[in-house]
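Undergrad: Quick one, structure.tsv (TSV, C-alpha atoms and all ligand atoms):
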```tsv
chain	number	residue	atom	x	y	z
A	1	MET	CA	96.84	74.83	75.60
A	2	ILE	CA	98.17	75.19	79.14
A	3	LYS	CA	96.80	78.46	80.61
A	4	VAL	CA	98.80	80.28	83.26
A	5	GLY	CA	98.41	83.21	85.63
A	6	ILE	CA	101.27	85.20	87.19
A	7	VAL	CA	100.97	86.91	90.59
A	8	GLY	CA	103.50	89.74	91.00
A	9	VAL	CA	105.04	91.34	87.91
A	10	GLY	CA	108.58	92.18	89.10
A	11	ILE	CA	110.53	88.95	88.53
A	12	GLY	CA	107.16	87.73	87.20
A	13	ARG	CA	108.14	89.42	83.92
A	14	LEU	CA	110.92	86.83	83.51
A	15	HIS	CA	108.35	84.06	84.06
A	16	ALA	CA	106.19	85.70	81.37
A	17	ALA	CA	109.17	85.81	78.97
A	18	GLY	CA	109.74	82.08	79.62
A	19	TYR	CA	106.08	81.17	79.00
A	20	LYS	CA	106.19	83.17	75.76
A	21	LYS	CA	108.82	80.68	74.49
A	22	CYS	CA	106.34	77.78	74.91
A	23	PRO	CA	104.05	77.30	71.89
A	24	ASP	CA	101.46	75.37	73.97
A	25	VAL	CA	101.14	77.98	76.76
A	26	GLU	CA	98.88	81.02	76.98
A	27	ILE	CA	99.42	83.63	79.70
A	28	LYS	CA	95.75	84.08	80.57
A	29	ALA	CA	96.06	86.47	83.51
A	30	LEU	CA	98.36	88.74	85.50
A	31	CYS	CA	97.81	89.97	89.05
A	32	ASP	CA	99.54	92.80	90.90
A	33	ILE	CA	98.43	95.47	93.37
A	34	ASN	CA	100.47	98.05	91.43
A	35	GLU	CA	97.94	98.86	88.70
A	36	GLU	CA	100.33	100.88	86.55
A	37	ARG	CA	102.94	98.08	86.50
A	38	LEU	CA	100.14	95.54	85.92
A	39	ARG	CA	98.69	97.37	82.91
A	40	LYS	CA	102.10	97.95	81.28
A	41	THR	CA	103.12	94.31	81.71
A	42	ALA	CA	99.79	93.04	80.37
A	43	GLU	CA	100.21	95.24	77.28
A	44	GLU	CA	103.82	94.14	76.77
A	45	PHE	CA	103.01	90.42	76.91
A	46	GLY	CA	99.51	90.65	75.36
A	47	VAL	CA	97.72	89.20	78.42
A	48	PRO	CA	93.89	89.40	78.30
A	49	ASP	CA	92.92	89.33	82.01
A	50	VAL	CA	94.26	91.47	84.85
A	51	TYR	CA	93.49	91.28	88.58
A	52	THR	CA	94.51	93.23	91.67
A	53	ASP	CA	93.25	90.44	94.00
A	54	TYR	CA	94.91	87.02	93.56
A	55	ARG	CA	91.90	85.26	95.17
A	56	GLU	CA	89.73	86.42	92.28
A	57	MET	CA	92.29	85.22	89.74
A	58	MET	CA	92.25	81.73	91.30
A	59	GLN	CA	88.50	81.50	90.57
A	60	ASP	CA	89.12	81.34	86.82
A	61	PRO	CA	88.67	77.61	86.08
A	62	GLU	CA	90.56	77.95	82.80
A	63	ILE	CA	93.84	78.77	84.60
A	64	ASP	CA	95.85	75.55	85.00
A	65	ALA	CA	99.02	76.91	86.60
A	66	VAL	CA	100.20	79.87	88.65
A	67	SER	CA	103.59	81.59	89.03
A	68	VAL	CA	104.00	82.99	92.55
A	69	CYS	CA	106.27	86.05	92.19
A	70	THR	CA	105.19	88.24	95.11
A	71	PRO	CA	107.21	89.42	98.13
A	72	ASN	CA	108.22	86.44	100.30
A	73	ALA	CA	105.50	86.80	102.97
A	74	LEU	CA	102.84	86.34	100.27
A	75	HIS	CA	104.29	83.12	98.83
A	76	ALA	CA	102.36	80.95	101.31
A	77	PRO	CA	98.90	82.60	101.04
A	78	VAL	CA	99.08	82.90	97.23
A	79	ALA	CA	100.41	79.36	96.67
A	80	ILE	CA	97.89	77.83	99.11
A	81	ALA	CA	95.01	79.69	97.39
A	82	ALA	CA	96.27	78.30	94.07
A	83	PHE	CA	96.49	74.73	95.39
A	84	GLU	CA	92.99	75.01	96.90
A	85	ALA	CA	91.76	76.00	93.45
A	86	GLY	CA	93.50	72.92	91.96
A	87	LYS	CA	96.27	74.76	90.12
A	88	HIS	CA	99.89	73.73	89.51
A	89	VAL	CA	102.34	76.17	91.14
A	90	ILE	CA	105.85	77.44	90.51
A	91	CYS	CA	107.01	79.55	93.44
A	92	GLU	CA	109.88	82.03	93.53
A	93	LYS	CA	112.65	81.58	96.09
A	94	PRO	CA	112.67	81.47	99.08
A	95	LEU	CA	109.83	78.98	99.63
A	96	ALA	CA	108.39	81.23	102.37
A	97	THR	CA	109.49	83.43	105.27
A	98	ASN	CA	109.85	80.40	107.58
A	99	ALA	CA	109.51	76.60	107.61
A	100	ASP	CA	106.03	76.61	109.25
A	101	GLU	CA	104.59	78.49	106.29
A	102	GLY	CA	106.59	76.22	103.99
A	103	ARG	CA	105.16	73.05	105.56
A	104	ALA	CA	101.61	74.38	105.05
A	105	MET	CA	102.42	74.97	101.37
A	106	VAL	CA	103.84	71.47	100.88
A	107	GLU	CA	100.76	69.99	102.63
A	108	ALA	CA	98.37	72.02	100.44
A	109	ALA	CA	100.19	70.80	97.32
A	110	LYS	CA	99.91	67.17	98.45
A	111	LYS	CA	96.20	67.61	99.11
A	112	ALA	CA	95.67	69.19	95.70
A	113	GLY	CA	97.74	66.52	93.94
A	114	THR	CA	99.11	69.17	91.58
A	115	ILE	CA	102.71	70.04	90.67
A	116	PHE	CA	104.67	72.21	93.09
A	117	MET	CA	107.95	73.47	91.70
A	118	MET	CA	110.47	75.84	93.25
A	119	ALA	CA	111.94	78.50	90.96
A	120	PHE	CA	115.53	77.63	91.85
A	121	ASN	CA	116.74	79.04	88.52
A	122	ASN	CA	120.44	78.37	89.16
A	123	ARG	CA	119.86	74.62	88.92
A	124	PHE	CA	118.83	75.11	85.28
A	125	ARG	CA	121.97	76.88	84.00
A	126	GLY	CA	124.16	75.12	81.42
A	127	ASP	CA	127.18	74.87	83.76
A	128	THR	CA	125.28	73.59	86.80
A	129	GLN	CA	123.31	71.03	84.77
A	130	LEU	CA	126.58	69.74	83.32
A	131	LEU	CA	128.27	69.56	86.72
A	132	LYS	CA	125.27	67.73	88.20
A	133	LYS	CA	125.60	65.05	85.48
A	134	CYS	CA	129.37	64.76	86.15
A	135	ILE	CA	128.68	64.30	89.88
A	136	GLU	CA	125.98	61.70	89.19
A	137	THR	CA	128.43	59.66	87.12
A	138	GLY	CA	130.91	59.74	90.01
A	139	GLU	CA	133.53	62.19	88.65
A	140	LEU	CA	133.99	63.84	92.07
A	141	GLY	CA	133.51	60.72	94.22
A	142	GLU	CA	132.10	61.43	97.68
A	143	ILE	CA	131.62	65.18	98.23
A	144	TYR	CA	132.44	65.74	101.88
A	145	TYR	CA	133.06	69.49	102.01
A	146	ALA	CA	131.61	72.57	100.32
A	147	LYS	CA	131.84	76.33	100.59
A	148	THR	CA	129.42	78.71	98.93
A	149	GLY	CA	128.54	82.36	99.08
A	150	TRP	CA	127.07	85.44	97.50
A	151	LEU	CA	128.50	88.67	98.84
A	152	ARG	CA	127.95	92.19	97.55
A	153	ARG	CA	130.06	95.25	98.26
A	154	LYS	CA	127.05	97.58	98.00
A	155	GLY	CA	123.75	96.12	96.88
A	156	ILE	CA	120.88	96.32	99.36
A	157	PRO	CA	117.73	95.73	97.30
A	158	GLY	CA	114.75	98.09	97.66
A	159	MET	CA	116.32	99.93	100.61
A	160	GLY	CA	113.69	100.52	103.28
A	161	GLY	CA	111.02	98.55	101.37
A	162	TRP	CA	109.77	94.95	101.64
A	163	PHE	CA	113.19	93.31	101.11
A	164	THR	CA	114.54	95.00	104.27
A	165	THR	CA	111.36	94.52	106.37
A	166	LYS	CA	111.47	91.17	108.22
A	167	ALA	CA	107.70	90.75	108.35
A	168	MET	CA	107.59	90.82	104.52
A	169	SER	CA	110.89	89.14	103.65
A	170	GLY	CA	111.66	86.78	106.55
A	171	GLY	CA	115.28	88.02	106.57
A	172	GLY	CA	118.04	89.78	104.66
A	173	PRO	CA	120.76	88.55	102.28
A	174	LEU	CA	120.70	85.01	103.72
A	175	ILE	CA	117.09	84.39	102.67
A	176	ASP	CA	117.49	86.50	99.50
A	177	LEU	CA	120.91	85.48	98.08
A	178	GLY	CA	122.13	82.72	100.40
A	179	VAL	CA	119.07	80.65	99.50
A	180	HIS	CA	120.24	80.47	95.85
A	181	VAL	CA	123.78	79.27	96.54
A	182	LEU	CA	122.81	76.99	99.42
A	183	ASP	CA	120.17	75.30	97.29
A	184	LEU	CA	122.58	74.88	94.40
A	185	THR	CA	125.26	73.38	96.65
A	186	LEU	CA	122.95	70.94	98.42
A	187	TRP	CA	121.32	69.88	95.15
A	188	LEU	CA	124.76	69.16	93.63
A	189	MET	CA	125.58	67.13	96.76
A	190	GLY	CA	122.38	65.08	96.33
A	191	ASN	CA	120.25	66.89	98.95
A	192	PRO	CA	121.56	65.16	102.09
A	193	LYS	CA	119.51	65.98	105.18
A	194	PRO	CA	120.83	68.84	107.37
A	195	VAL	CA	121.28	67.81	111.02
A	196	TYR	CA	123.17	70.60	112.82
A	197	VAL	CA	123.62	74.32	112.12
A	198	VAL	CA	125.65	77.16	113.63
A	199	GLY	CA	125.23	80.70	112.32
A	200	SER	CA	125.83	84.39	112.86
A	201	THR	CA	124.14	87.48	111.44
A	202	TYR	CA	125.16	91.15	111.50
A	203	ALA	CA	123.46	94.43	110.59
A	204	LYS	CA	126.32	96.96	110.53
A	205	PHE	CA	125.25	99.22	107.66
A	206	GLY	CA	121.62	98.63	106.64
A	207	PRO	CA	119.78	100.21	109.60
A	208	ASP	CA	121.66	103.55	109.31
A	209	LEU	CA	121.37	103.66	105.53
A	210	ALA	CA	117.62	102.98	105.72
A	211	ARG	CA	117.14	105.54	108.53
A	212	GLN	CA	118.69	108.25	106.34
A	213	ARG	CA	115.98	107.48	103.77
A	214	GLY	CA	113.18	107.07	106.27
A	215	GLY	CA	112.65	103.36	105.55
A	216	THR	CA	112.54	100.14	107.58
A	217	TYR	CA	115.59	97.92	108.04
A	218	ASP	CA	115.18	95.14	110.60
A	219	VAL	CA	117.05	92.31	108.84
A	220	GLU	CA	120.76	91.35	108.67
A	221	ASP	CA	123.19	92.73	106.09
A	222	LEU	CA	125.64	89.82	106.45
A	223	ALA	CA	125.07	86.21	107.49
A	224	THR	CA	127.28	83.17	107.75
A	225	GLY	CA	126.57	79.57	108.71
A	226	MET	CA	128.02	76.10	109.00
A	227	VAL	CA	125.74	73.18	108.16
A	228	LYS	CA	126.50	69.57	109.09
A	229	LEU	CA	124.72	66.99	106.93
A	230	GLU	CA	123.57	63.51	107.91
A	231	ASN	CA	126.11	61.88	105.58
A	232	GLY	CA	128.91	63.57	107.55
A	233	ALA	CA	129.58	66.31	104.97
A	234	THR	CA	129.94	69.98	105.95
A	235	VAL	CA	128.82	73.12	104.08
A	236	PHE	CA	129.81	76.71	104.82
A	237	VAL	CA	127.56	79.48	103.49
A	238	GLU	CA	127.93	83.26	103.55
A	239	ALA	CA	125.75	86.04	102.14
A	240	SER	CA	125.81	89.79	102.28
A	241	TRP	CA	124.21	92.84	100.69
A	242	HIS	CA	126.78	95.34	101.96
A	243	SER	CA	130.34	94.63	103.14
A	244	HIS	CA	133.88	95.98	102.70
A	245	ILE	CA	135.09	93.52	100.07
A	246	GLN	CA	136.73	94.19	96.70
A	247	ARG	CA	133.70	93.37	94.57
A	248	GLU	CA	130.59	91.17	94.40
A	249	VAL	CA	131.41	87.45	94.52
A	250	ILE	CA	129.16	84.47	93.83
A	251	TYR	CA	130.94	81.16	94.28
A	252	THR	CA	130.60	77.47	95.08
A	253	GLN	CA	133.47	75.08	95.83
A	254	LEU	CA	132.88	71.35	96.16
A	255	VAL	CA	135.55	68.98	97.48
A	256	GLY	CA	135.19	65.27	96.74
A	257	THR	CA	137.33	62.14	97.11
A	258	LYS	CA	137.93	61.78	93.35
A	259	GLY	CA	137.81	65.43	92.34
A	260	GLY	CA	136.73	68.94	93.20
A	261	ALA	CA	134.73	71.56	91.34
A	262	GLU	CA	134.11	75.27	91.52
A	263	PHE	CA	132.27	77.99	89.65
A	264	ASP	CA	131.77	80.66	88.28
A	265	PRO	CA	133.40	79.83	85.84
A	266	LEU	CA	133.09	76.04	86.06
A	267	ARG	CA	136.36	74.19	86.71
A	268	ILE	CA	136.90	70.57	87.73
A	269	TYR	CA	140.08	69.60	89.60
A	270	LYS	CA	141.33	66.00	89.39
A	271	ASP	CA	144.48	63.97	89.30
A	272	VAL	CA	145.43	62.60	85.88
A	273	ASN	CA	148.15	59.93	86.14
A	274	GLY	CA	149.04	61.36	89.54
A	275	ASN	CA	149.32	64.92	88.22
A	276	SER	CA	146.98	67.75	89.22
A	277	ALA	CA	144.74	68.67	86.28
A	278	ASP	CA	142.34	71.62	85.94
A	279	LEU	CA	139.49	70.86	83.53
A	280	ILE	CA	137.52	73.55	81.72
A	281	ILE	CA	134.44	71.90	80.26
A	282	GLN	CA	132.46	73.52	77.46
A	283	HIS	CA	128.77	73.91	78.30
A	284	PRO	CA	125.72	75.52	76.74
A	285	ASN	CA	125.22	79.09	77.93
A	286	VAL	CA	121.48	78.95	78.70
A	287	SER	CA	119.37	81.17	80.97
A	288	GLY	CA	118.32	79.38	84.14
A	289	HIS	CA	115.23	81.59	84.38
A	290	GLU	CA	113.98	80.59	80.94
A	291	MET	CA	114.90	76.91	81.32
A	292	GLU	CA	113.10	76.60	84.67
A	293	ILE	CA	109.84	77.79	83.08
A	294	LEU	CA	110.28	75.37	80.14
A	295	HIS	CA	110.84	72.59	82.71
A	296	PHE	CA	107.72	73.58	84.71
A	297	VAL	CA	105.61	73.45	81.55
A	298	GLU	CA	107.14	70.09	80.56
A	299	CYS	CA	106.30	68.72	84.05
A	300	ILE	CA	102.67	69.83	83.65
A	301	ARG	CA	102.43	68.46	80.12
A	302	GLU	CA	104.07	65.12	80.91
A	303	LYS	CA	102.91	64.81	84.56
A	304	LYS	CA	106.53	64.64	85.75
A	305	THR	CA	108.01	65.47	89.15
A	306	PRO	CA	110.04	68.70	88.86
A	307	ILE	CA	113.82	68.82	89.38
A	308	ALA	CA	113.19	71.39	92.15
A	309	THR	CA	110.26	70.46	94.38
A	310	GLY	CA	108.44	72.21	97.23
A	311	GLU	CA	110.06	69.67	99.58
A	312	HIS	CA	113.50	70.85	98.40
A	313	GLY	CA	112.39	74.41	99.18
A	314	LEU	CA	111.41	73.29	102.68
A	315	HIS	CA	114.72	71.49	103.14
A	316	ILE	CA	116.58	74.77	102.47
A	317	GLN	CA	114.13	76.78	104.58
A	318	LEU	CA	114.90	74.58	107.61
A	319	ILE	CA	118.59	75.53	107.27
A	320	LEU	CA	117.82	79.24	106.86
A	321	ASP	CA	115.55	79.16	109.93
A	322	ALA	CA	118.26	77.34	111.91
A	323	ILE	CA	120.98	79.88	110.94
A	324	TYR	CA	118.70	82.72	112.10
A	325	GLU	CA	117.84	80.83	115.30
A	326	SER	CA	121.51	80.10	116.04
A	327	ALA	CA	122.43	83.76	115.41
A	328	ARG	CA	119.66	84.84	117.81
A	329	THR	CA	120.51	82.43	120.63
A	330	GLY	CA	124.28	82.16	120.16
A	331	LYS	CA	123.92	78.35	120.22
A	332	GLY	CA	124.01	75.56	117.66
A	333	VAL	CA	120.66	74.25	116.39
A	334	GLU	CA	119.79	70.60	115.77
A	335	ILE	CA	117.41	69.87	112.90
A	336	ALA	CA	115.19	66.87	113.70
A	401	LIG	N1	114.97	83.85	91.14
A	401	LIG	C1	115.54	85.05	91.13
A	401	LIG	O1	116.63	85.25	90.59
A	401	LIG	C2	114.81	86.18	91.78
A	401	LIG	C3	115.20	87.50	91.51
A	401	LIG	C4	114.47	88.52	92.11
A	401	LIG	C5	113.43	88.23	92.98
A	401	LIG	N2	113.11	86.94	93.24
A	401	LIG	C6	112.00	86.61	94.16
A	401	LIG	O2	110.79	86.99	93.51
A	401	LIG	C7	109.87	87.52	94.45
A	401	LIG	C8	109.50	88.94	94.02
A	401	LIG	O3	110.65	89.74	93.99
A	401	LIG	P1	110.78	90.99	93.00
A	401	LIG	O4	112.22	91.32	92.90
A	401	LIG	O5	110.02	90.72	91.75
A	401	LIG	O6	110.04	92.08	93.87
A	401	LIG	P2	109.26	93.37	93.35
A	401	LIG	O7	108.97	94.19	94.53
A	401	LIG	O8	110.01	93.97	92.19
A	401	LIG	O9	107.92	92.78	92.72
A	401	LIG	C9	106.93	92.19	93.52
A	401	LIG	C10	105.60	92.55	92.92
A	401	LIG	O10	104.58	91.94	93.71
A	401	LIG	C11	103.50	92.86	93.80
A	401	LIG	N3	102.64	92.56	94.94
A	401	LIG	C12	102.81	92.90	96.24
A	401	LIG	N4	101.77	92.46	96.98
A	401	LIG	C13	100.92	91.84	96.11
A	401	LIG	C14	99.66	91.19	96.27
A	401	LIG	N5	99.04	91.09	97.45
A	401	LIG	N6	99.07	90.68	95.17
A	401	LIG	C15	99.67	90.77	93.95
A	401	LIG	N7	100.85	91.38	93.75
A	401	LIG	C16	101.48	91.90	94.82
A	401	LIG	C17	104.18	94.22	93.91
A	401	LIG	O11	103.31	95.29	93.59
A	401	LIG	C18	105.32	94.07	92.93
A	401	LIG	O12	104.98	94.50	91.62
A	401	LIG	C19	110.57	87.46	95.80
A	401	LIG	O13	110.18	86.31	96.48
A	401	LIG	C20	112.05	87.39	95.46
A	401	LIG	O14	112.81	86.72	96.43
A	401	LIG	C21	113.76	85.91	92.65
```
Reformat the file's structure so that it appears as structure tokens.
Ligand SMILES: NC(=O)c1ccc[n+]([C@@H]2O[C@H](COP(=O)([O-])OP(=O)(O)OC[C@H]3O[C@@H](n4cnc5c(N)ncnc54)[C@H](O)[C@@H]3O)[C@@H](O)[C@H]2O)c1

TA:
Amino acid sequence: MIKVGIVGVGIGRLHAAGYKKCPDVEIKALCDINEERLRKTAEEFGVPDVYTDYREMMQDPEIDAVSVCTPNALHAPVAIAAFEAGKHVICEKPLATNADEGRAMVEAAKKAGTIFMMAFNNRFRGDTQLLKKCIETGELGEIYYAKTGWLRRKGIPGMGGWFTTKAMSGGGPLIDLGVHVLDLTLWLMGNPKPVYVVGSTYAKFGPDLARQRGGTYDVEDLATGMVKLENGATVFVEASWHSHIQREVIYTQLVGTKGGAEFDPLRIYKDVNGNSADLIIQHPNVSGHEMEILHFVECIREKKTPIATGEHGLHIQLILDAIYESARTGKGVEIA
């Protein structure tokens, strides 16, 4: 049996549901500082051990692997404690609140020699897995341009709480939603190295809305960035929690020399005998959240490198940091 512990039982409940689908996994422990939420979740998933201090949980030698599902600022301390105790780790997105914390996590994983997977759940969906295979077999040719975004009309999470407090989150919709679509886009493009970034951020609604409720809001509510990659390709990204648009949109468009692709829903655009053709490809409708946990368990069982590594998380974090830096200084940022 592979024994796991989960720290943070918000999205951590989805990790628990994924582990429950694995016959060779036991959820040995849960940890959360919210005792009521902790107790209810332990009862629901039949988990024997509960902790309010993650450092104590790491001392259980029977725990092989840990899901890090805490607010962003705790990803680094929790993951590093897990690596120091010799555990495998799957960490929720974003990797951390900044690249310095992220580098320390990647280093700790290397030292431990254990598996470090990022919970980039969108990579594990049926449509994105299918598109990745199409790209790998050359269907789109060279992808030289991409646009991606996740914009909400009204959808600031946990107004005034940790999501909108920079010290706990590292940023607003860019680090919360933009991280998902940026990761997905770069992964589909083969993870070329980012070299130059220009970005802007705005906070036109959040601070007033939070003030009315007596909470903190010191992050952006809209961010946009342009990323140049070392292979010459360009990616545009945009993310918002609150903006005057018709409705929430989540999209990715890839433009290649032999074809283009976009989703949601997945479409591939090509020329067939010189005529423009729109392809709708059937794909399994699977939950990325569940599949990522099955993949993490498979990597532990078979000692495989995960599809989404800590290094990939760091790669994305460097871009997020650079967009924030460019927005702050009004200048472009080179990534070494
Ligand atoms: N992959 C996704 O689709 C997805 C969706 C939502 C959230 N997330 C990520 O998951 C993480 C958690 O987000 P959430 O929505 O579950 O937030 P949440 O606030 O609902 O849950 C976080 C939990 O962590 C607990 N916690 C706080 N400090 C702790 C500590 N020191 N020790 C143990 N537990 C502690 C809180 O009490 C809370 O129950 C974030 O990094 C977020 O970005 C990912």

Undergrad: Could you produce a table of the residues of chain A lying within 6 Å of ligand LIG 401 (chain A), with the nearest pair of atoms per residue and their separation in Å rounded to one decimal, using all atoms listed in the file, ordered by chain and increasing residue number, as a Markdown table?

TA:
```
| residue | atom | partner | partner_atom | distance |
| --- | --- | --- | --- | --- |
| A:Val7 | CA | A:LIG401 | C15 | 5.3 |
| A:Gly8 | CA | A:LIG401 | O10 | 3.7 |
| A:Val9 | CA | A:LIG401 | O12 | 4.9 |
| A:Gly10 | CA | A:LIG401 | O5 | 3.4 |
| A:Ile11 | CA | A:LIG401 | O5 | 3.7 |
| A:Cys31 | CA | A:LIG401 | C15 | 5.3 |
| A:Asp32 | CA | A:LIG401 | N7 | 3.4 |
| A:Ile33 | CA | A:LIG401 | N7 | 4.8 |
| A:Asn34 | CA | A:LIG401 | O11 | 4.5 |
| A:Asp53 | CA | A:LIG401 | N6 | 5.9 |
| A:Tyr54 | CA | A:LIG401 | N6 | 5.8 |
| A:Cys69 | CA | A:LIG401 | C7 | 4.5 |
| A:Thr70 | CA | A:LIG401 | O10 | 4.0 |
| A:Pro71 | CA | A:LIG401 | C19 | 4.5 |
| A:Asn72 | CA | A:LIG401 | O13 | 4.3 |
| A:Glu92 | CA | A:LIG401 | O2 | 5.0 |
| A:Lys93 | CA | A:LIG401 | O14 | 5.2 |
| A:Pro94 | CA | A:LIG401 | O14 | 5.9 |
| A:Asn121 | CA | A:LIG401 | N1 | 5.8 |
| A:Asp176 | CA | A:LIG401 | O14 | 5.6 |
```

Undergrad: Using only C-alpha atoms for the distances, tell me which of A:Leu182, A:Ala308, A:Val89, A:Val198 is nearest to Ser67 (chain A).

TA: A:Val89

Undergrad: A:Val237, A:Val333, A:Leu177, A:Ala104: which is nearest Asp321 (chain A), counting all atoms listed in the file?

TA: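 Between A:Val237, A:Val333, A:Leu177, A:Ala104, the residue approaching Asp321 (chain A) most closely is A:Val333.
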
Undergrad: Write out as number ranges by chain each polymer residue whose atoms come within 12 Å of region 40-51 of chain A, counting only C-alpha atoms; drop sequence neighbours fewer than 6 positions from it.

TA: A: 3-21, 25-34, 57-60, 62-63

Undergrad: Would you compute the distance between CA of His244 (chain A) and CA of Arg153 (chain A)? Give it in Å to one decimal.

TA: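 Interatomic distance here is 5.9 Å.
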
Undergrad: Here is a test: counting only C-alpha atoms, which residue of A:Trp241, A:Ser276, A:Asn191, A:Tyr144 is nearest to Gly158 (chain A)?

TA: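 Nearest to Gly158 (chain A): A:Trp241.
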
Undergrad: Of the candidates A:Ile143, A:Leu186, A:Cys134, A:Leu151, which one gets nearest to Glu248 (chain A) if we count all atoms listed in the file?

TA: A:Leu151
